[in-house]
There are 2 protein chains.
Amino acid sequence: MIVHEGLDGFGVNKLARAAGVSPATLYIYFKDREDLIIQVTLRVTQTMLEESLRDFDPDMHFEEGLRKQWHNRASHFTRNPLDVEFIEKMRYSHLYNKVSVQVYASFKDVMGKFVRNAIERKELIELPFEVYWSVAFAPLYQLIKFHTQEKTFGHQPFKLTDESMELALQLVLKALKPA
Amino acid sequence: MIVHEGLDGFGVNKLARAAGVSPATLYIYFKDREDLIIQVTLRVTQTMLEESLRDFDPDMHFEEGLRKQWHNRASHFTRNPLDVEFIEKMRYSHLYNKVSVQVYASFKDVMGKFVRNAIERKELIELPFEVYWSVAFAPLYQLIKFHTQEKTFGHQPFKLTDESMELALQLVLKALKPA
DNA sequence: TTTAAAAATAAGCGATCGCTCATTTATCTT
DNA sequence: AAGATAAATGAGCGATCGCTTATTTTTAAA
């Protein structure tokens with residue numbers, strides 16, 4: 001409902017009717033509307049982050065680790081396209097700061113270690129974490145967005161194939177590896 | 001209002017009260033709530049795109065042109081931080097497809113020409129437009145998001161300085177330039 | 001089978017939603 | 001100054017909002 005009609009357009013009564021339960025039932029499990037949205041967001045985001053760390057180890061070599069994360073994210077998102085749109089929507093909503101802290105706590109540690117390892121091993125240039133994150137993952141998320149929203153820049157819809165993903169990953173690796 | 005309270009939380013009556021006019025007045029200038037939101041979005045987005053093309057020419061050398069666009073975007077957004085959040089919020093809202101087509105029509109042509117020129121001149125590797133866009137601009141937007149939302153990944157808030165922007169731009173250029 | 005706790009419900013509260021209409025106020029033309 | 005047009009308004013419509021309460025149904029222990 002939130003993906004298709006937005007946060008406005010999402011109502012407790014509507015949801016209850018669609019779910020075939022009484023509005024009152026929802027308030028047994030959730031404090032209020034905002035709590036419901038946040039808890040759902042936490043669960044979807046948590047699942048996404050767990051999937052992105054599947055078979056990942058912060059002691060991996062940099063290229064192997066980054067490729068693993070790209071593939072994990074891409075495969076999770078192409079298998080759950082609704083999740084992408086939901087997470088992105090929430091990520092840019094005014095409720096985001098109530099979600100981010102709780103979710104990224106443990107995730108941050110693993111990623112931080114991975115980056116520090118890679119820098120120590122001279123497999124990754126030295127740079128602030130935010131710059132690393134922006135170069136390493138923002139392109140992937142943009143590609144996924146192009147993929148899920150079907151049409152953006154003229155001509156035919158963009159499909160996130162293995163080829164285009166590998167191409168983008170190669171570019172990112174070229175940017176991040178020491179000369 | 002939309003940035004701070006979200007699309008839900010944004011109401012016509014509230015807006016009229018805050019603006020010191022009658023709700024009926026709004027309907028002289030806008031068809032309905034959605035039309036109002038879309039028109040405001042169009043105006044803010046249009047301004048952003050115009051600013052991003054200031055002093056830009058699609059016949060510029062690739063590095064010069066890309067740097068120009070990065071600086072234009074960054075300076076516009078740091079001077080109008082509310083616009084960033086608004087545009088991003090709308091970009092991930094369910095109303096986005098009603099906005100995107102109208103806005104990016106002319107913009108697409110200029111950018112397309114710029115990219116084609118650069119590839120012809122061997123200043124840019126050959127790649128699909130979406131991949132180019134994802135690598136060339138997504139990192140910048142992510143950095144701006146880090147900057148505006150103040151705190152994301154632990155430690156102290158990230159500030160988008162000239163240094164960190166130049167660093168990120170250099171990485172992106174390294175990724176996109178032919179070997 | 002009885003009984004207490006837990007889960008779910010229908011009905012509807014006051015508040016606010018998006019929006020309209022009959023009327024008044026401001027602006028412009030002659 | 002008079003009359004016509006445009007702009008703006010206050011009041012409030014029906015619908016929906018988030019949410020609660022008194023009651024019934026379901027579950028499970030004794």
# chains A, B, ... in the order shown; residues from 1 in each chain; ligands from 1
call {"tool": "interface_residues", "arguments": {"of": "chain B", "to": "chain D", "cutoff": "10 Å", "atoms": "only C-alpha atoms (C1' of nucleotides)", "output": "list of chain:residue names"}}
result
B:Val21, B:Ser22, B:Pro23, B:Ala24, B:Thr25, B:Leu26, B:Ile28
call {"tool": "interface_residues", "arguments": {"of": "chain C", "to": "chain B", "cutoff": "12 Å", "atoms": "only C-alpha atoms (C1' of nucleotides)", "output": "ChimeraX atom specification"}}
result
/C:16-21
call {"tool": "write_last_selection", "arguments": {"atoms": "all heavy atoms", "output": "compact mmCIF listing (two decimals), in the first residue's frame"}}
result
# COMPACT_ATOMS: atom_id res chain seq x y z
P DT C 16 -7.65 18.59 15.01
OP1 DT C 16 -6.27 18.76 15.53
OP2 DT C 16 -8.65 19.68 15.13
O5' DT C 16 -7.54 18.18 13.48
C5' DT C 16 -6.90 16.96 13.15
C4' DT C 16 -7.34 16.52 11.77
O4' DT C 16 -8.75 16.24 11.76
C3' DT C 16 -7.13 17.60 10.69
O3' DT C 16 -6.11 17.14 9.82
C2' DT C 16 -8.49 17.71 10.00
C1' DT C 16 -9.19 16.44 10.45
N1 DT C 16 -10.68 16.52 10.49
C2 DT C 16 -11.42 15.74 9.62
O2 DT C 16 -10.91 15.00 8.80
N3 DT C 16 -12.78 15.88 9.73
C4 DT C 16 -13.46 16.70 10.63
O4 DT C 16 -14.69 16.73 10.65
C5 DT C 16 -12.63 17.49 11.51
C7 DT C 16 -13.27 18.41 12.51
C6 DT C 16 -11.30 17.36 11.40
P DC C 17 -5.64 18.06 8.59
OP1 DC C 17 -4.18 17.87 8.51
OP2 DC C 17 -6.23 19.42 8.70
O5' DC C 17 -6.30 17.32 7.34
C5' DC C 17 -6.14 15.90 7.23
C4' DC C 17 -7.05 15.36 6.15
O4' DC C 17 -8.40 15.24 6.66
C3' DC C 17 -7.18 16.26 4.94
O3' DC C 17 -6.13 15.98 4.03
C2' DC C 17 -8.53 15.85 4.37
C1' DC C 17 -9.31 15.42 5.61
N1 DC C 17 -10.32 16.40 6.09
C2 DC C 17 -11.65 16.30 5.66
O2 DC C 17 -11.95 15.43 4.85
N3 DC C 17 -12.55 17.19 6.13
C4 DC C 17 -12.18 18.14 6.99
N4 DC C 17 -13.11 18.99 7.44
C5 DC C 17 -10.82 18.25 7.43
C6 DC C 17 -9.94 17.38 6.96
P DG C 18 -5.67 17.18 3.03
OP1 DG C 18 -4.31 16.82 2.58
OP2 DG C 18 -5.92 18.48 3.70
O5' DG C 18 -6.68 17.07 1.81
C5' DG C 18 -6.93 15.81 1.20
C4' DG C 18 -8.16 15.92 0.32
O4' DG C 18 -9.29 16.28 1.16
C3' DG C 18 -8.07 17.00 -0.76
O3' DG C 18 -8.67 16.52 -1.96
C2' DG C 18 -8.84 18.17 -0.16
C1' DG C 18 -9.91 17.45 0.66
N9 DG C 18 -10.38 18.23 1.80
C8 DG C 18 -9.61 18.88 2.73
N7 DG C 18 -10.32 19.52 3.64
C5 DG C 18 -11.63 19.28 3.27
C6 DG C 18 -12.84 19.72 3.87
O6 DG C 18 -13.00 20.43 4.88
N1 DG C 18 -13.97 19.26 3.18
C2 DG C 18 -13.91 18.45 2.05
N2 DG C 18 -15.09 18.11 1.51
N3 DG C 18 -12.79 18.04 1.48
C4 DG C 18 -11.69 18.49 2.14
P DC C 19 -8.63 17.49 -3.28
OP1 DC C 19 -8.77 16.61 -4.47
OP2 DC C 19 -7.48 18.40 -3.18
O5' DC C 19 -9.97 18.33 -3.14
C5' DC C 19 -11.20 17.62 -2.95
C4' DC C 19 -12.32 18.60 -2.64
O4' DC C 19 -12.13 19.17 -1.34
C3' DC C 19 -12.45 19.78 -3.61
O3' DC C 19 -13.58 19.55 -4.44
C2' DC C 19 -12.65 21.00 -2.70
C1' DC C 19 -12.86 20.37 -1.32
N1 DC C 19 -12.39 21.19 -0.18
C2 DC C 19 -13.32 21.72 0.72
O2 DC C 19 -14.51 21.49 0.53
N3 DC C 19 -12.90 22.48 1.75
C4 DC C 19 -11.60 22.71 1.92
N4 DC C 19 -11.23 23.46 2.95
C5 DC C 19 -10.62 22.19 1.02
C6 DC C 19 -11.05 21.44 -0.01
P DT C 20 -13.97 20.61 -5.60
OP1 DT C 20 -14.48 19.85 -6.74
OP2 DT C 20 -12.86 21.56 -5.76
O5' DT C 20 -15.19 21.37 -4.91
C5' DT C 20 -16.24 20.61 -4.32
C4' DT C 20 -17.32 21.54 -3.80
O4' DT C 20 -16.84 22.18 -2.58
C3' DT C 20 -17.71 22.68 -4.74
O3' DT C 20 -19.12 22.77 -4.75
C2' DT C 20 -17.05 23.91 -4.13
C1' DT C 20 -17.09 23.56 -2.65
N1 DT C 20 -16.06 24.22 -1.79
C2 DT C 20 -16.45 24.86 -0.64
O2 DT C 20 -17.60 24.93 -0.28
N3 DT C 20 -15.41 25.42 0.08
C4 DT C 20 -14.07 25.39 -0.23
O4 DT C 20 -13.24 25.93 0.49
C5 DT C 20 -13.73 24.71 -1.46
C7 DT C 20 -12.30 24.64 -1.89
C6 DT C 20 -14.73 24.16 -2.17
P DC C 21 -19.88 23.49 -5.95
OP1 DC C 21 -20.71 22.48 -6.62
OP2 DC C 21 -18.90 24.28 -6.72
O5' DC C 21 -20.82 24.50 -5.15
C5' DC C 21 -21.15 24.23 -3.79
C4' DC C 21 -21.63 25.51 -3.12
O4' DC C 21 -20.56 26.05 -2.31
C3' DC C 21 -22.02 26.61 -4.08
O3' DC C 21 -23.09 27.36 -3.52
C2' DC C 21 -20.75 27.47 -4.18
C1' DC C 21 -20.29 27.38 -2.72
N1 DC C 21 -18.84 27.63 -2.53
C2 DC C 21 -18.38 28.16 -1.31
O2 DC C 21 -19.18 28.40 -0.41
N3 DC C 21 -17.05 28.39 -1.16
C4 DC C 21 -16.21 28.12 -2.16
N4 DC C 21 -14.91 28.35 -1.95
C5 DC C 21 -16.67 27.58 -3.41
C6 DC C 21 -17.97 27.36 -3.55
call {"tool": "atom_distance", "arguments": {"atom1": "CA of Ser106 (chain A)", "atom2": "CA of Gly6 (chain A)"}}
result
29.4 Å
call {"tool": "interface_residues", "arguments": {"of": "chain A", "to": "chain B", "cutoff": "6 Å", "atoms": "only C-alpha atoms", "output": "PyMOL selection string"}}
result
chain A and resi 6-8+89+92+94+134-135+138-139+142+171+174-175
call {"tool": "write_last_selection", "arguments": {"atoms": "N, CA, C and O atoms", "output": "mmCIF file, in the first residue's frame"}}
result
data_model
loop_
_atom_site.group_PDB
_atom_site.id
_atom_site.type_symbol
_atom_site.label_atom_id
_atom_site.label_comp_id
_atom_site.auth_asym_id
_atom_site.auth_seq_id
_atom_site.Cartn_x
_atom_site.Cartn_y
_atom_site.Cartn_z
ATOM 1 N N GLY A 6 1.784 5.660 -1.486
ATOM 2 C CA GLY A 6 2.554 6.601 -0.687
ATOM 3 C C GLY A 6 2.162 6.577 0.780
ATOM 4 O O GLY A 6 1.197 5.931 1.170
ATOM 5 N N LEU A 7 2.952 7.309 1.568
ATOM 6 C CA LEU A 7 2.673 7.355 3.004
ATOM 7 C C LEU A 7 1.358 8.069 3.270
ATOM 8 O O LEU A 7 0.613 7.703 4.182
ATOM 9 N N ASP A 8 1.105 9.132 2.512
ATOM 10 C CA ASP A 8 -0.271 9.600 2.473
ATOM 11 C C ASP A 8 -0.996 8.545 1.633
ATOM 12 O O ASP A 8 -0.388 7.840 0.846
ATOM 13 N N LYS A 89 11.676 4.429 -0.362
ATOM 14 C CA LYS A 89 10.661 5.411 0.030
ATOM 15 C C LYS A 89 10.828 5.811 1.492
ATOM 16 O O LYS A 89 10.823 6.985 1.847
ATOM 17 N N TYR A 92 13.824 7.993 2.366
ATOM 18 C CA TYR A 92 13.707 9.420 2.081
ATOM 19 C C TYR A 92 12.476 10.022 2.747
ATOM 20 O O TYR A 92 12.022 11.097 2.369
ATOM 21 N N HIS A 94 10.342 11.276 6.337
ATOM 22 C CA HIS A 94 10.692 12.006 7.564
ATOM 23 C C HIS A 94 10.795 11.084 8.771
ATOM 24 O O HIS A 94 11.173 11.508 9.855
ATOM 25 N N SER A 134 29.744 6.216 -0.809
ATOM 26 C CA SER A 134 29.099 6.890 -1.938
ATOM 27 C C SER A 134 29.580 6.330 -3.277
ATOM 28 O O SER A 134 28.781 6.130 -4.190
ATOM 29 N N VAL A 135 30.880 6.091 -3.383
ATOM 30 C CA VAL A 135 31.421 5.587 -4.637
ATOM 31 C C VAL A 135 31.134 4.094 -4.793
ATOM 32 O O VAL A 135 30.854 3.612 -5.890
ATOM 33 N N ALA A 138 26.415 3.710 -4.049
ATOM 34 C CA ALA A 138 25.391 4.561 -4.646
ATOM 35 C C ALA A 138 25.124 4.204 -6.116
ATOM 36 O O ALA A 138 23.967 4.169 -6.533
ATOM 37 N N PRO A 139 26.171 3.918 -6.912
ATOM 38 C CA PRO A 139 25.895 3.540 -8.301
ATOM 39 C C PRO A 139 25.027 2.291 -8.397
ATOM 40 O O PRO A 139 24.117 2.225 -9.230
ATOM 41 N N GLN A 142 21.483 3.150 -7.683
ATOM 42 C CA GLN A 142 20.901 3.900 -8.793
ATOM 43 C C GLN A 142 20.521 2.964 -9.940
ATOM 44 O O GLN A 142 19.454 3.109 -10.544
ATOM 45 N N LEU A 171 34.011 -0.570 -12.960
ATOM 46 C CA LEU A 171 34.317 0.864 -12.911
ATOM 47 C C LEU A 171 34.543 1.299 -11.475
ATOM 48 O O LEU A 171 35.484 2.037 -11.170
ATOM 49 N N LYS A 174 37.828 0.044 -10.266
ATOM 50 C CA LYS A 174 38.923 0.844 -10.838
ATOM 51 C C LYS A 174 39.100 2.138 -10.063
ATOM 52 O O LYS A 174 40.209 2.593 -9.806
ATOM 53 N N ALA A 175 37.959 2.710 -9.642
ATOM 54 C CA ALA A 175 38.016 3.973 -8.908
ATOM 55 C C ALA A 175 38.635 3.794 -7.529
ATOM 56 O O ALA A 175 39.348 4.675 -7.035
#
call {"tool": "atom_distance", "arguments": {"atom1": "CA of Ile125 (chain A)", "atom2": "CA of Pro178 (chain A)"}}
result
5.1 Å
call {"tool": "select_by_dssp", "arguments": {"residues": "region 111-165 of chain B", "states": "alpha helix (DSSP H)", "output": "PyMOL selection string"}}
result
chain B and resi 111-120+129-148+162-165
call {"tool": "write_last_selection", "arguments": {"atoms": "N, CA, C and O atoms", "output": "compact mmCIF listing (two decimals), in the first residue's frame"}}
result
# COMPACT_ATOMS: atom_id res chain seq x y z
N MET B 111 22.36 16.32 -21.97
CA MET B 111 23.25 15.33 -21.35
C MET B 111 23.63 14.24 -22.33
O MET B 111 24.77 13.78 -22.36
N GLY B 112 22.68 13.82 -23.14
CA GLY B 112 22.96 12.80 -24.14
C GLY B 112 24.05 13.26 -25.11
O GLY B 112 24.99 12.51 -25.39
N LYS B 113 23.93 14.49 -25.56
CA LYS B 113 24.93 15.03 -26.49
C LYS B 113 26.30 15.09 -25.83
O LYS B 113 27.31 14.71 -26.43
N PHE B 114 26.32 15.55 -24.59
CA PHE B 114 27.57 15.65 -23.83
C PHE B 114 28.27 14.29 -23.76
O PHE B 114 29.47 14.17 -24.04
N VAL B 115 27.50 13.26 -23.43
CA VAL B 115 28.06 11.93 -23.28
C VAL B 115 28.55 11.40 -24.64
O VAL B 115 29.65 10.85 -24.75
N ARG B 116 27.74 11.60 -25.67
CA ARG B 116 28.14 11.11 -27.00
C ARG B 116 29.41 11.80 -27.49
O ARG B 116 30.32 11.15 -28.00
N ASN B 117 29.47 13.10 -27.26
CA ASN B 117 30.69 13.84 -27.61
C ASN B 117 31.91 13.25 -26.93
O ASN B 117 32.94 13.00 -27.55
N ALA B 118 31.77 13.05 -25.62
CA ALA B 118 32.90 12.59 -24.82
C ALA B 118 33.38 11.21 -25.28
O ALA B 118 34.58 10.94 -25.32
N ILE B 119 32.41 10.34 -25.61
CA ILE B 119 32.79 9.01 -26.08
C ILE B 119 33.51 9.09 -27.42
O ILE B 119 34.56 8.47 -27.61
N GLU B 120 32.99 9.92 -28.30
CA GLU B 120 33.62 10.09 -29.62
C GLU B 120 35.05 10.57 -29.48
O GLU B 120 35.96 10.11 -30.17
N PHE B 129 23.94 4.57 -21.09
CA PHE B 129 23.70 5.85 -20.42
C PHE B 129 23.38 5.66 -18.94
O PHE B 129 23.85 6.42 -18.09
N GLU B 130 22.58 4.66 -18.60
CA GLU B 130 22.21 4.45 -17.20
C GLU B 130 23.42 4.11 -16.34
O GLU B 130 23.50 4.55 -15.18
N VAL B 131 24.34 3.33 -16.90
CA VAL B 131 25.54 2.99 -16.14
C VAL B 131 26.39 4.25 -15.95
O VAL B 131 26.90 4.51 -14.86
N TYR B 132 26.51 5.03 -17.03
CA TYR B 132 27.22 6.29 -16.92
C TYR B 132 26.62 7.15 -15.81
O TYR B 132 27.31 7.64 -14.93
N TRP B 133 25.33 7.33 -15.88
CA TRP B 133 24.67 8.20 -14.91
C TRP B 133 24.88 7.71 -13.48
O TRP B 133 25.14 8.48 -12.55
N SER B 134 24.76 6.42 -13.30
CA SER B 134 24.88 5.83 -11.96
C SER B 134 26.27 6.05 -11.37
O SER B 134 26.41 6.36 -10.18
N VAL B 135 27.29 5.90 -12.22
CA VAL B 135 28.66 6.06 -11.72
C VAL B 135 29.01 7.53 -11.59
O VAL B 135 29.71 7.94 -10.66
N ALA B 136 28.49 8.35 -12.51
CA ALA B 136 28.91 9.76 -12.57
C ALA B 136 28.23 10.63 -11.53
O ALA B 136 28.82 11.59 -11.03
N PHE B 137 26.98 10.33 -11.19
CA PHE B 137 26.24 11.26 -10.33
C PHE B 137 25.71 10.68 -9.02
O PHE B 137 25.56 11.41 -8.04
N ALA B 138 25.42 9.39 -9.01
CA ALA B 138 24.88 8.81 -7.78
C ALA B 138 25.79 9.05 -6.57
O ALA B 138 25.30 9.39 -5.48
N PRO B 139 27.13 8.92 -6.73
CA PRO B 139 27.99 9.20 -5.58
C PRO B 139 27.84 10.64 -5.07
O PRO B 139 27.80 10.87 -3.85
N LEU B 140 27.72 11.58 -5.97
CA LEU B 140 27.55 12.98 -5.54
C LEU B 140 26.27 13.14 -4.74
O LEU B 140 26.27 13.77 -3.66
N TYR B 141 25.18 12.59 -5.26
CA TYR B 141 23.91 12.74 -4.54
C TYR B 141 23.97 12.06 -3.18
O TYR B 141 23.40 12.55 -2.21
N GLN B 142 24.68 10.94 -3.11
CA GLN B 142 24.81 10.27 -1.82
C GLN B 142 25.61 11.13 -0.85
O GLN B 142 25.25 11.24 0.33
N LEU B 143 26.66 11.76 -1.34
CA LEU B 143 27.47 12.64 -0.47
C LEU B 143 26.62 13.81 0.02
O LEU B 143 26.69 14.19 1.19
N ILE B 144 25.83 14.38 -0.89
CA ILE B 144 24.97 15.49 -0.49
C ILE B 144 23.97 15.03 0.56
O ILE B 144 23.70 15.74 1.54
N LYS B 145 23.46 13.81 0.39
CA LYS B 145 22.52 13.28 1.38
C LYS B 145 23.19 13.11 2.75
O LYS B 145 22.63 13.47 3.78
N PHE B 146 24.41 12.55 2.74
CA PHE B 146 25.17 12.46 3.99
C PHE B 146 25.30 13.84 4.63
O PHE B 146 25.14 14.01 5.82
N HIS B 147 25.61 14.80 3.78
CA HIS B 147 25.83 16.17 4.26
C HIS B 147 24.56 16.75 4.89
O HIS B 147 24.60 17.29 6.00
N THR B 148 23.45 16.63 4.20
CA THR B 148 22.24 17.30 4.67
C THR B 148 21.60 16.59 5.86
O THR B 148 20.99 17.24 6.70
N ASP B 162 35.10 21.05 0.01
CA ASP B 162 35.68 21.04 -1.33
C ASP B 162 36.62 19.85 -1.49
O ASP B 162 36.66 19.22 -2.55
N GLU B 163 37.35 19.55 -0.42
CA GLU B 163 38.33 18.46 -0.49
C GLU B 163 37.65 17.11 -0.74
O GLU B 163 38.03 16.38 -1.65
N SER B 164 36.64 16.80 0.09
CA SER B 164 36.02 15.48 -0.06
C SER B 164 35.29 15.38 -1.39
O SER B 164 35.24 14.31 -2.00
N MET B 165 34.76 16.51 -1.88
CA MET B 165 34.08 16.48 -3.16
C MET B 165 35.07 16.27 -4.29
O MET B 165 34.84 15.47 -5.20
call {"tool": "atom_distance", "arguments": {"atom1": "CA of Gln69 (chain A)", "atom2": "CA of Phe56 (chain A)"}}
result
7.3 Å
